[in-house]
Amino acid sequence: MADWVLPVLIGVVVLVVGSLALLVPRRRRRALPPAAPPVAEPTTPPTGPAPPSGEEPVETAEPSRAPPAATAPELTTPESVPSRLVRLRSRLARSGALGQALLAVLGRDRLDEAAWEELEETLLQADLGLEPTTALLTELRTRLRVDGTRDPVAIRATLRELLLAQVDPTMDRTLATARREVDGTWLPATVLMVGVNGTGKTTTVGKLARLLVAQDQTVLLGAADTFRAAAADQLATWAQRVGVEVVRSDRDGADPASVAHDAVDRGVADGVDVVIIDTAGRLQNKAGLMDELGKIARVASRRAPITESLLVLDATTGQNGLRQARVFAEVAQLTGIVLTKLDGSAKGGIVVAVQRELGIPVKLVGLGEGPDDLAPFDPESFVDALLG
Amino acid sequence: MFASLSDRINAAVSSLRGRGRLSDADIAASISEIRRALLDADVALPVVRDFTATVRERAEAAELSKALNPAQQIVKIVHEELTRILGGQARELRFAKRPPTVFLLAGLQGAGKTTLAGKLGRWLTEQGHTPLLVAADLQRPNAVQQLQIVGQGAGVAVWAPEPGNGVGNPVEVARSGVAHAKEQFYDVVVVDTAGRLGVDAEMMQQAADIRDATQPDEILFVIDAMIGQDAVTTANAFAEGVGFTGVVLSKLDGDARGGAALSVASVTGVPVMFASTGEKVGDFERFHADRMASRILDMGDMLTLIEQAERAFDEDQAAELANKIAGDGDFTLQDFLTQMQQMRQLGSMKKMLGMLPGMAQIREQLENFDEREVDRVEAIVRSMTPAERDTPKIINGSRRSRIARGSGTTVTEVNQLLDRFEQAKTMMRSMARGGGAPNMAGGGFGLGSMPGMGKKSKGKMAPPVQRGKKSRSGNPAKRAAAERAALERPTASRGSAFGLTDPSAPPSLDLPEDLTKYLGR
């Protein structure tokens, strides 16, 4: 069966790849209809737009804004940032098995090779990756030799400090979601949400919209995931709950770039603060899809520049996360990472490697299925969770 | 980029021959490389520990074969062990004696359950069943709707009495789905459940309730191939919470090495039964333990490559082409153009090259390639007249300069392409005829000792070529037989990788083939 394949295959490869060429497919995998019509009418929830925005987050526990009278019954009021931080911090520390193991190791009289190995395993089990782990432990050894300490508490503190340095608390983790005036027009901040399949992009878009509404910003969503079944409806459901509008195509399989463009266009026209664009999940090794994403980013930034390009990374992701980040950073000029599903047993250690190698800060974490379970990333809590 | 495990073990092991056993130092060095490779592939740590212990044991006990150098021997052991764990418990799906059979899907959020439900539905339909998909994910917004659309795309009926979005009781839905199937004579029920975390006791209880209500014949645990160290924790949580009987590995079309498969199979002892390999409803196939082993070890994956090529190439055309190459006709630039276009449908050339064993070594060069080169080649061929494409011999100096102008390249580039074309033609012919390949006499090329690995472009291309040739070498009779069979057989169905291992396929395509390269060194 394969016999005709191989000679042909290899022959063609030799010919094409005269100088070790790589062929990147031009094909559009998704059999997109050639001309996608512009976006249809947005599905407008029966609510008025949110009141004009103040740029500062609201510090009270309840947002001061009262929902408009025309609000649909299911419209809910998002929780404010400070209050959710308090509530969610406890979730990070949920599974402490690793931390206990760590304490047991550090509690021994002397750190022998076996103990070091266990330390290494603890970090590896948090998906930290082999190289960062090795680097970290080498540094820890050096530090301990210099300090000459045997105190487990001090060792733990040193480890924590080193880990924290890896996560780098000094990075700028604020979301650029402020409207800006360019040449006399107010342009909305544009947030592009990208990632592989099933990491929680649509959910994150919905939660982020709530977060921004809680900060009294006006939000418009763009449903540029025109591929997955019911993705736009899923987004619309989120939007309806919080009373923001969605720009979407009237049919599946439309050109996502055109939807993104129309979303930004309408955002400019309506004078909203933030336009959040949801994109379809794509595996980073699919060149055709990554090209498509590049196009979405290009087209969406035509009216107003993209201010945030966020990679949604699943905390359960292993070493492949680094490759994801690398490819997406290239195509979509990432400005930040959203680490989702951190409320499970996974530790999301891969973001340490991602930050270290690519310098892209984690900006948000998803900590549960509830609509308000999205919070700004806090390096200290994260490291504490890594160490259990 | 990581070098492949076999290359690293080669580097780690001193290739002293003649000793009766592998030296301890060799084993220790190899074990540490194996550990590293497995961890890079996201195999869970406890599994890595057990695995390396087994390999160490076997390596210490192994008599050093004369045919193999120590590195090859260790790679062989590793591969065998991996295949054993991954494929040890392979079995068919269990169907109920009295329909309806119930399959329950469970897994983390975003693992791909809903998509899989559609794929499974389509697959079951193809197997002659009449499946019913039950939308018991009432949690995630519009999951019910997604399943309805997916079911529509797959041509499978969907039972969705509740609108979802937090409304309704999934246990009730599952129960009524099974009842509905009984009434309407659907013989298989696939229950799609909401994604849940292993640590979420309440949701796990709900999954257990659904299980108790429907008495499923198989509980399939859907797990993302990209998952890291958490695979074991999650798998254990699900094994305890609902107790799955089979595993489905999703998103295997990504470039994750998929160590999770090994972790789950080894920790729970439950077989990985299916792999989900794309976003289309037909991208679903049985799990191949041997391929997965190669993938985890980064050893190249000829079988998948061939299979993909078969999907992309038009069979009749290709068979005709094979005849041409073998000498009945003449392979022309026109044929080349057609093949190149078909190959573009295959996916990235980089990926394909990566699947050829031994390519890992030149990965870095691969990464840096300018893809527009391909367009240039195409432009050159397209700038030729049909007559020139059919008989390149007529291309004289003035035609060359015209072609160069037409394609925006230089005469030198045109010349190079024509040279390569002649070479490729000769090579393809000798390969297609089997045996008698001119270079075969050389026999054992080592990956590292490949001539011209250095600077010259053709040298870089050489490894895959000779590799492929070698793996097909030595058995012209069988190859010819297989070729005949290939011509008679209809197009292989999707994911029919098993077809490759059927008796009519050349044995050289079987798993040990992957190892031939090590054996042949």
# chains A, B, ... in the order shown; residues from 1 in each chain; ligands from 1

$ residues_around --residues "Glu330 (chain A)" --least-positions-apart "6" --cutoff "12 Å" --atoms "only C-alpha atoms" --output "list of chain:residue names"
A:Gln284, A:Met290, A:Asp291, A:Leu293, A:Gly294, A:Ala297, A:Ser309, A:Leu311, A:Arg323, A:Gln324, A:Leu358, A:Ile360

$ write_last_selection --atoms "C-alpha atoms" --output "PDB file, in the first residue's frame"
ATOM      1  CA  GLN A 284      -0.196  25.751  17.261  1.00  0.00           C
ATOM      2  CA  MET A 290      -2.077  30.186  12.600  1.00  0.00           C
ATOM      3  CA  ASP A 291      -2.066  32.165   9.357  1.00  0.00           C
ATOM      4  CA  LEU A 293      -5.050  34.052  13.366  1.00  0.00           C
ATOM      5  CA  GLY A 294      -2.403  36.367  11.988  1.00  0.00           C
ATOM      6  CA  ALA A 297      -4.949  40.193  14.353  1.00  0.00           C
ATOM      7  CA  SER A 309      -3.356  39.867  23.069  1.00  0.00           C
ATOM      8  CA  LEU A 311      -3.044  33.562  25.415  1.00  0.00           C
ATOM      9  CA  ARG A 323       5.568  25.560  22.422  1.00  0.00           C
ATOM     10  CA  GLN A 324       2.072  26.959  22.389  1.00  0.00           C
ATOM     11  CA  LEU A 358       9.345  34.591  26.478  1.00  0.00           C
ATOM     12  CA  ILE A 360       5.169  37.241  28.744  1.00  0.00           C
TER      13      ILE A 360
END

$ closest_residue --among "B:Ala404, B:Ile227, B:Leu321, B:Ala143" --to "chain A" --atoms "only C-alpha atoms"
B:Ile227

$ closest_residue --among "B:Leu147, B:Ile210, B:Tyr186, B:Val47" --to "chain A" --atoms "only C-alpha atoms"
B:Leu147

$ residues_around --residues "Ala115 (chain A)" --least-positions-apart "4" --cutoff "7 Å" --atoms "only C-alpha atoms" --output "list in words"
Val105, Leu111 and Leu119 of chain A

$ select_by_dssp --residues "region 136-220 of chain A" --states "strand (DSSP E or B)" --output "mmCIF file with all heavy atoms, in the first residue's frame"
data_model
loop_
_atom_site.group_PDB
_atom_site.id
_atom_site.type_symbol
_atom_site.label_atom_id
_atom_site.label_comp_id
_atom_site.auth_asym_id
_atom_site.auth_seq_id
_atom_site.Cartn_x
_atom_site.Cartn_y
_atom_site.Cartn_z
ATOM 1 N N ARG A 180 -8.419 55.236 24.405
ATOM 2 C CA ARG A 180 -7.428 56.281 24.136
ATOM 3 C C ARG A 180 -7.907 57.203 23.031
ATOM 4 O O ARG A 180 -8.652 56.785 22.144
ATOM 5 C CB ARG A 180 -6.105 55.633 23.728
ATOM 6 C CG ARG A 180 -5.339 55.086 24.905
ATOM 7 C CD ARG A 180 -4.346 54.097 24.429
ATOM 8 N NE ARG A 180 -4.987 53.172 23.504
ATOM 9 C CZ ARG A 180 -4.377 52.651 22.466
ATOM 10 N NH1 ARG A 180 -3.140 52.970 22.220
ATOM 11 N NH2 ARG A 180 -5.010 51.815 21.664
ATOM 12 N N GLU A 181 -7.432 58.417 23.086
ATOM 13 C CA GLU A 181 -7.815 59.363 22.043
ATOM 14 C C GLU A 181 -6.687 59.470 21.034
ATOM 15 O O GLU A 181 -5.546 59.767 21.393
ATOM 16 C CB GLU A 181 -8.119 60.734 22.649
ATOM 17 C CG GLU A 181 -8.777 61.641 21.649
ATOM 18 C CD GLU A 181 -9.157 62.970 22.259
ATOM 19 O OE1 GLU A 181 -8.834 63.180 23.449
ATOM 20 O OE2 GLU A 181 -9.752 63.804 21.562
ATOM 21 N N VAL A 182 -6.995 59.141 19.799
ATOM 22 C CA VAL A 182 -6.008 59.251 18.741
ATOM 23 C C VAL A 182 -6.599 60.138 17.665
ATOM 24 O O VAL A 182 -7.667 59.845 17.122
ATOM 25 C CB VAL A 182 -5.670 57.863 18.163
ATOM 26 C CG1 VAL A 182 -4.664 58.002 17.029
ATOM 27 C CG2 VAL A 182 -5.138 56.953 19.257
ATOM 28 N N THR A 185 -10.293 61.034 17.708
ATOM 29 C CA THR A 185 -11.316 60.000 17.898
ATOM 30 C C THR A 185 -10.947 59.163 19.108
ATOM 31 O O THR A 185 -9.780 58.847 19.316
ATOM 32 C CB THR A 185 -11.390 59.020 16.705
ATOM 33 O OG1 THR A 185 -10.277 59.258 15.862
ATOM 34 C CG2 THR A 185 -12.691 59.139 15.973
ATOM 35 N N TRP A 186 -11.966 58.782 19.845
ATOM 36 C CA TRP A 186 -11.721 57.887 20.955
ATOM 37 C C TRP A 186 -11.724 56.454 20.445
ATOM 38 O O TRP A 186 -12.692 56.013 19.843
ATOM 39 C CB TRP A 186 -12.789 58.064 22.020
ATOM 40 C CG TRP A 186 -12.495 59.245 22.893
ATOM 41 C CD1 TRP A 186 -12.951 60.518 22.719
ATOM 42 C CD2 TRP A 186 -11.676 59.262 24.053
ATOM 43 N NE1 TRP A 186 -12.454 61.335 23.692
ATOM 44 C CE2 TRP A 186 -11.668 60.601 24.536
ATOM 45 C CE3 TRP A 186 -10.921 58.294 24.730
ATOM 46 C CZ2 TRP A 186 -10.950 60.975 25.671
ATOM 47 C CZ3 TRP A 186 -10.209 58.664 25.854
ATOM 48 C CH2 TRP A 186 -10.222 59.990 26.311
ATOM 49 N N LEU A 187 -10.636 55.767 20.679
ATOM 50 C CA LEU A 187 -10.552 54.385 20.226
ATOM 51 C C LEU A 187 -10.671 53.444 21.421
ATOM 52 O O LEU A 187 -10.077 53.689 22.470
ATOM 53 C CB LEU A 187 -9.210 54.134 19.532
ATOM 54 C CG LEU A 187 -8.979 54.906 18.229
ATOM 55 C CD1 LEU A 187 -7.621 54.550 17.653
ATOM 56 C CD2 LEU A 187 -10.081 54.602 17.228
ATOM 57 N N ALA A 189 -10.019 50.124 23.672
ATOM 58 C CA ALA A 189 -8.948 49.156 23.852
ATOM 59 C C ALA A 189 -9.452 47.832 23.263
ATOM 60 O O ALA A 189 -10.616 47.493 23.402
ATOM 61 C CB ALA A 189 -8.634 48.981 25.322
ATOM 62 N N THR A 190 -8.579 47.122 22.558
ATOM 63 C CA THR A 190 -8.993 45.864 21.947
ATOM 64 C C THR A 190 -8.236 44.710 22.597
ATOM 65 O O THR A 190 -7.016 44.751 22.711
ATOM 66 C CB THR A 190 -8.700 45.871 20.439
ATOM 67 O OG1 THR A 190 -9.215 47.062 19.888
ATOM 68 C CG2 THR A 190 -9.340 44.676 19.783
ATOM 69 N N VAL A 191 -9.001 43.716 23.034
ATOM 70 C CA VAL A 191 -8.385 42.540 23.652
ATOM 71 C C VAL A 191 -8.651 41.353 22.747
ATOM 72 O O VAL A 191 -9.796 41.068 22.404
ATOM 73 C CB VAL A 191 -8.981 42.264 25.047
ATOM 74 C CG1 VAL A 191 -8.348 41.030 25.664
ATOM 75 C CG2 VAL A 191 -8.787 43.471 25.954
ATOM 76 N N LEU A 192 -7.579 40.665 22.344
ATOM 77 C CA LEU A 192 -7.716 39.491 21.499
ATOM 78 C C LEU A 192 -7.432 38.251 22.342
ATOM 79 O O LEU A 192 -6.416 38.180 23.024
ATOM 80 C CB LEU A 192 -6.719 39.583 20.334
ATOM 81 C CG LEU A 192 -6.826 38.523 19.241
ATOM 82 C CD1 LEU A 192 -8.116 38.675 18.473
ATOM 83 C CD2 LEU A 192 -5.638 38.638 18.286
ATOM 84 N N MET A 193 -8.352 37.299 22.312
ATOM 85 C CA MET A 193 -8.196 36.100 23.137
ATOM 86 C C MET A 193 -7.824 34.934 22.233
ATOM 87 O O MET A 193 -8.580 34.591 21.321
ATOM 88 C CB MET A 193 -9.538 35.844 23.831
ATOM 89 C CG MET A 193 -9.462 35.148 25.155
ATOM 90 S SD MET A 193 -8.579 36.070 26.422
ATOM 91 C CE MET A 193 -9.840 37.173 27.026
ATOM 92 N N VAL A 194 -6.655 34.359 22.452
ATOM 93 C CA VAL A 194 -6.215 33.251 21.589
ATOM 94 C C VAL A 194 -5.819 32.041 22.428
ATOM 95 O O VAL A 194 -5.639 32.145 23.647
ATOM 96 C CB VAL A 194 -5.007 33.677 20.711
ATOM 97 C CG1 VAL A 194 -5.359 34.855 19.844
ATOM 98 C CG2 VAL A 194 -3.792 33.985 21.574
ATOM 99 N N VAL A 219 -18.311 47.419 27.537
ATOM 100 C CA VAL A 219 -17.649 46.323 26.842
ATOM 101 C C VAL A 219 -18.472 45.893 25.642
ATOM 102 O O VAL A 219 -19.698 45.892 25.686
ATOM 103 C CB VAL A 219 -17.469 45.125 27.804
ATOM 104 C CG1 VAL A 219 -16.801 43.954 27.093
ATOM 105 C CG2 VAL A 219 -16.662 45.536 29.021
ATOM 106 N N LEU A 220 -17.760 45.536 24.570
ATOM 107 C CA LEU A 220 -18.406 44.937 23.415
ATOM 108 C C LEU A 220 -17.648 43.657 23.081
ATOM 109 O O LEU A 220 -16.421 43.633 23.101
ATOM 110 C CB LEU A 220 -18.349 45.910 22.223
ATOM 111 C CG LEU A 220 -18.976 45.422 20.920
ATOM 112 C CD1 LEU A 220 -20.487 45.379 21.031
ATOM 113 C CD2 LEU A 220 -18.558 46.323 19.763
#

$ atom_distance --atom1 "CA of Val248 (chain B)" --atom2 "CA of Met204 (chain B)"
18.9 Å

$ closest_residue --among "B:Glu183, B:Asp42, B:Glu92, B:Asp212" --to "chain A" --atoms "only C-alpha atoms"
B:Asp42

$ residues_around --residues "Ile149 (chain B)" --least-positions-apart "6" --cutoff "10 Å" --atoms "only C-alpha atoms" --output "PDB file with N, CA and C atoms, in the first residue's frame"
ATOM      1  N   ARG A 228     -16.294  26.591  15.770  1.00  0.00           N
ATOM      2  CA  ARG A 228     -16.857  25.582  16.663  1.00  0.00           C
ATOM      3  C   ARG A 228     -18.366  25.751  16.770  1.00  0.00           C
ATOM      4  N   ALA A 229     -19.020  24.632  16.860  1.00  0.00           N
ATOM      5  CA  ALA A 229     -20.470  24.669  16.948  1.00  0.00           C
ATOM      6  C   ALA A 229     -20.885  25.439  18.190  1.00  0.00           C
ATOM      7  N   ALA A 230     -21.809  26.333  18.033  1.00  0.00           N
ATOM      8  CA  ALA A 230     -22.447  27.056  19.129  1.00  0.00           C
ATOM      9  C   ALA A 230     -21.511  27.948  19.942  1.00  0.00           C
TER      10      ALA A 230
ATOM     11  N   GLY B 118     -19.727  13.537  18.983  1.00  0.00           N
ATOM     12  CA  GLY B 118     -20.080  13.560  17.570  1.00  0.00           C
ATOM     13  C   GLY B 118     -19.253  12.568  16.773  1.00  0.00           C
ATOM     14  N   ALA B 143     -23.741  24.246  25.700  1.00  0.00           N
ATOM     15  CA  ALA B 143     -23.140  22.954  25.392  1.00  0.00           C
ATOM     16  C   ALA B 143     -24.161  22.059  24.704  1.00  0.00           C
ATOM     17  N   GLY B 155     -24.601  13.467  11.484  1.00  0.00           N
ATOM     18  CA  GLY B 155     -25.749  12.694  11.042  1.00  0.00           C
ATOM     19  C   GLY B 155     -26.244  11.731  12.102  1.00  0.00           C
ATOM     20  N   VAL B 156     -26.230  12.182  13.348  1.00  0.00           N
ATOM     21  CA  VAL B 156     -26.616  11.317  14.450  1.00  0.00           C
ATOM     22  C   VAL B 156     -27.705  12.016  15.263  1.00  0.00           C
ATOM     23  N   VAL B 158     -29.850  13.373  18.380  1.00  0.00           N
ATOM     24  CA  VAL B 158     -29.457  13.930  19.678  1.00  0.00           C
ATOM     25  C   VAL B 158     -30.684  14.022  20.577  1.00  0.00           C
TER      26      VAL B 158
END

$ select_by_dssp --residues "region 16-235 of chain B" --states "alpha helix (DSSP H)" --output "ChimeraX atom specification"
/B:24-40,45-61,70-87,113-126,143-154,170-184,201-214,230-235

$ decode --residues "region 119-148 of chain A" --atoms "N, CA and C atoms" --output "CSV table (one decimal), in the first residue's frame"
chain,number,residue,atom,x,y,z
A,119,LEU,N,13.0,17.0,46.3
A,119,LEU,CA,12.7,18.4,46.0
A,119,LEU,C,12.4,18.6,44.5
A,120,GLU,N,13.3,18.0,43.7
A,120,GLU,CA,13.2,18.1,42.3
A,120,GLU,C,11.9,17.5,41.8
A,121,GLU,N,11.5,16.4,42.4
A,121,GLU,CA,10.3,15.8,42.0
A,121,GLU,C,9.1,16.6,42.3
A,122,THR,N,9.1,17.3,43.4
A,122,THR,CA,8.0,18.2,43.8
A,122,THR,C,7.8,19.2,42.8
A,123,LEU,N,8.9,19.8,42.3
A,123,LEU,CA,8.8,20.9,41.4
A,123,LEU,C,8.4,20.4,40.0
A,124,LEU,N,8.9,19.2,39.7
A,124,LEU,CA,8.6,18.6,38.4
A,124,LEU,C,7.1,18.3,38.3
A,125,GLN,N,6.6,17.8,39.5
A,125,GLN,CA,5.2,17.5,39.5
A,125,GLN,C,4.2,18.7,39.4
A,126,ALA,N,4.8,19.8,39.6
A,126,ALA,CA,4.0,21.0,39.3
A,126,ALA,C,4.1,21.5,37.9
A,127,ASP,N,4.6,20.6,37.0
A,127,ASP,CA,4.8,21.0,35.6
A,127,ASP,C,5.8,22.1,35.3
A,128,LEU,N,6.7,22.2,36.2
A,128,LEU,CA,7.7,23.3,36.1
A,128,LEU,C,8.6,23.1,34.9
A,129,GLY,N,8.8,21.8,34.6
A,129,GLY,CA,9.7,21.5,33.5
A,129,GLY,C,11.1,21.2,34.0
A,130,LEU,N,11.8,20.4,33.2
A,130,LEU,CA,13.1,19.9,33.7
A,130,LEU,C,14.1,21.0,33.8
A,131,GLU,N,14.2,21.8,32.8
A,131,GLU,CA,15.3,22.8,32.8
A,131,GLU,C,15.1,23.9,33.9
A,132,PRO,N,13.9,24.5,34.0
A,132,PRO,CA,13.8,25.5,35.1
A,132,PRO,C,14.0,24.8,36.5
A,133,THR,N,13.5,23.6,36.6
A,133,THR,CA,13.7,22.9,37.9
A,133,THR,C,15.2,22.7,38.2
A,134,THR,N,15.9,22.2,37.2
A,134,THR,CA,17.4,22.0,37.4
A,134,THR,C,18.0,23.4,37.8
A,135,ALA,N,17.7,24.4,37.0
A,135,ALA,CA,18.3,25.7,37.3
A,135,ALA,C,18.0,26.2,38.7
A,136,LEU,N,16.8,26.0,39.0
A,136,LEU,CA,16.3,26.5,40.3
A,136,LEU,C,17.1,25.7,41.5
A,137,LEU,N,17.2,24.4,41.3
A,137,LEU,CA,17.8,23.7,42.4
A,137,LEU,C,19.3,23.9,42.5
A,138,THR,N,19.9,24.1,41.3
A,138,THR,CA,21.3,24.5,41.4
A,138,THR,C,21.5,25.8,42.1
A,139,GLU,N,20.7,26.7,41.9
A,139,GLU,CA,20.8,28.0,42.5
A,139,GLU,C,20.5,27.8,44.0
A,140,LEU,N,19.5,27.0,44.3
A,140,LEU,CA,19.2,26.8,45.7
A,140,LEU,C,20.4,26.2,46.5
A,141,ARG,N,21.0,25.2,45.8
A,141,ARG,CA,22.2,24.6,46.5
A,141,ARG,C,23.3,25.6,46.7
A,142,THR,N,23.5,26.5,45.7
A,142,THR,CA,24.6,27.5,45.9
A,142,THR,C,24.2,28.4,47.1
A,143,ARG,N,23.0,28.8,47.1
A,143,ARG,CA,22.5,29.8,48.1
A,143,ARG,C,22.7,29.1,49.5
A,144,LEU,N,22.3,27.8,49.6
A,144,LEU,CA,22.3,27.2,50.9
A,144,LEU,C,23.8,27.0,51.3
A,145,ARG,N,24.7,26.8,50.4
A,145,ARG,CA,26.1,26.6,50.7
A,145,ARG,C,26.6,28.0,51.3
A,146,VAL,N,26.2,29.0,50.6
A,146,VAL,CA,26.6,30.3,51.1
A,146,VAL,C,26.1,30.7,52.4
A,147,ASP,N,24.8,30.5,52.6
A,147,ASP,CA,24.1,30.8,53.9
A,147,ASP,C,24.5,29.8,55.0
A,148,GLY,N,24.9,28.6,54.6
A,148,GLY,CA,25.2,27.6,55.6
A,148,GLY,C,24.1,27.3,56.5
